[in-house]
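S.K.: Here it is, the structure, as structure tokens.
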Amino acid sequence: MSFLLSLVLPVAVCVLLVGITSAFWWGKLHKPWAYVAFAFLAVLGLHRILQAGADFIGLFTRGGYFLEYQGQPDLAQLAERSLTIEALLISTALVVAGWPLLRWLRALLSR
């Protein structure tokens with residue numbers, strides 16, 4: 001179940017970030033629905049850029065040795081562990097990088 005949660009988490013962060021900022025800035029925007037549409041697409045685009053960067057970094061950082069013996073995890077356990085950590089890191093980076101992006105978009109669409 002947490003495997004599915006880790007896949008949905010970045011998209012849910014996009015929806016929450018756009019929803020919260022649009023609720024706060026609704027009265028200050030000239031076209032609030034245009035802000036919601038453009039903000040959602042911009043944050044989803046930022047998510048894809050961050051995901052591609054994480055996958056690129058992952059090419060060089062996979063592997064290594066364990067200090068204690070662990071049995072070979074099956075594919076589902078391995079994917080669950082790596083995607084959960086990766087999803088949390090990408091979601092955090094999405095909030096940190098998405099906030100200035102949404103403030104810039106608000107400045108473009110404000111009255």
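For the structure tokens, the naming scheme is as follows: chains receive sequential letters (A, B, ...) according to their order of presentation, residues are indexed from 1 within each chain, and ligands are indexed from 1 in presentation order.
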Considering only C-alpha atoms, return as a ChimeraX atom specification whatever protein or nucleic-acid residues lie within 8 Å of Ala87 of chain A, sequence-local ones (same chain, fewer than 2 positions apart) excluded.
M.R.: /A:6-7,9-10,83-85,89-91
S.K.: Store the residues picked out above, limited to N, CA and C atoms, as a PDB file, in the first residue's frame.
M.R.:
```
ATOM      1  N   SER A   6       3.466   6.242  -2.332  1.00  0.00           N
ATOM      2  CA  SER A   6       4.659   6.957  -2.779  1.00  0.00           C
ATOM      3  C   SER A   6       4.543   7.410  -4.229  1.00  0.00           C
ATOM      4  N   LEU A   7       3.735   6.726  -5.027  1.00  0.00           N
ATOM      5  CA  LEU A   7       3.519   7.169  -6.401  1.00  0.00           C
ATOM      6  C   LEU A   7       2.558   8.350  -6.474  1.00  0.00           C
ATOM      7  N   LEU A   9       1.988  10.521  -3.910  1.00  0.00           N
ATOM      8  CA  LEU A   9       2.412  11.621  -3.043  1.00  0.00           C
ATOM      9  C   LEU A   9       2.859  12.879  -3.791  1.00  0.00           C
ATOM     10  N   PRO A  10       3.743  12.810  -4.793  1.00  0.00           N
ATOM     11  CA  PRO A  10       4.132  14.049  -5.489  1.00  0.00           C
ATOM     12  C   PRO A  10       2.971  14.744  -6.194  1.00  0.00           C
ATOM     13  N   LEU A  83      11.270   3.879  -3.635  1.00  0.00           N
ATOM     14  CA  LEU A  83      10.297   4.866  -4.091  1.00  0.00           C
ATOM     15  C   LEU A  83       9.740   5.698  -2.946  1.00  0.00           C
ATOM     16  N   THR A  84       9.623   5.135  -1.772  1.00  0.00           N
ATOM     17  CA  THR A  84       9.105   5.904  -0.653  1.00  0.00           C
ATOM     18  C   THR A  84      10.080   7.013  -0.272  1.00  0.00           C
ATOM     19  N   ILE A  85      11.346   6.705  -0.152  1.00  0.00           N
ATOM     20  CA  ILE A  85      12.351   7.718   0.175  1.00  0.00           C
ATOM     21  C   ILE A  85      12.449   8.734  -0.950  1.00  0.00           C
ATOM     22  N   LEU A  89      11.586  12.835  -0.783  1.00  0.00           N
ATOM     23  CA  LEU A  89      12.582  13.840  -1.143  1.00  0.00           C
ATOM     24  C   LEU A  89      12.100  14.717  -2.300  1.00  0.00           C
ATOM     25  N   ILE A  90      11.488  14.111  -3.296  1.00  0.00           N
ATOM     26  CA  ILE A  90      10.988  14.888  -4.434  1.00  0.00           C
ATOM     27  C   ILE A  90       9.832  15.779  -4.003  1.00  0.00           C
ATOM     28  N   SER A  91       8.974  15.291  -3.121  1.00  0.00           N
ATOM     29  CA  SER A  91       7.862  16.116  -2.643  1.00  0.00           C
ATOM     30  C   SER A  91       8.365  17.313  -1.841  1.00  0.00           C
TER      31      SER A  91
END
```
S.K.: In terms of the shortest atom-to-atom distance over only C-alpha atoms, which of A:Leu105, A:Leu5, A:Val15, A:Gln77 is closest to Leu44 of chain A?
M.R.: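 For Leu44 of chain A, the nearest of the candidates is A:Val15.
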S.K.: Mind checking which residues fall within 10 Å of Trp99 of chain A, counting only C-alpha atoms, ignoring those fewer than 4 positions away in the same chain, and posting them as a list in words?
M.R.: Leu17, Val18, Thr21, Val43, Leu94, Val95, Arg103, Trp104 and Leu105 of chain A
S.K.: As number ranges by chain, please: all residues of chain A that backbone DSSP puts in helix (DSSP H, G or I).
M.R.: A: 2-28, 32-61, 75-109
S.K.: I want to know what sits within 12 Å of Gly53 of chain A, based on only C-alpha atoms, with residues of the same chain fewer than 4 positions away left out; could you give that as a list of chain:residue names?
M.R.: A:Leu46, A:His47, A:Arg48, A:Ile49, A:Ile57, A:Gly58, A:Leu59, A:Phe60, A:Glu86, A:Leu89, A:Ile90, A:Ala93
S.K.: With only C-alpha atoms as the counted atoms, please give the residues lying no more than 12 Å from Ala34 of chain A, apart from itself and same-chain residues fewer than 2 positions off, as a list of chain:residue names.
M.R.: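 So the residues in contact are A:Val18, A:Ser22, A:Trp26, A:Leu29, A:His30, A:Lys31, A:Pro32, A:Val36, A:Ala37, A:Phe38, A:Ala39, A:Phe40, A:Leu41, A:Ala42, A:Leu105, A:Arg106, A:Leu108, A:Leu109, A:Ser110.
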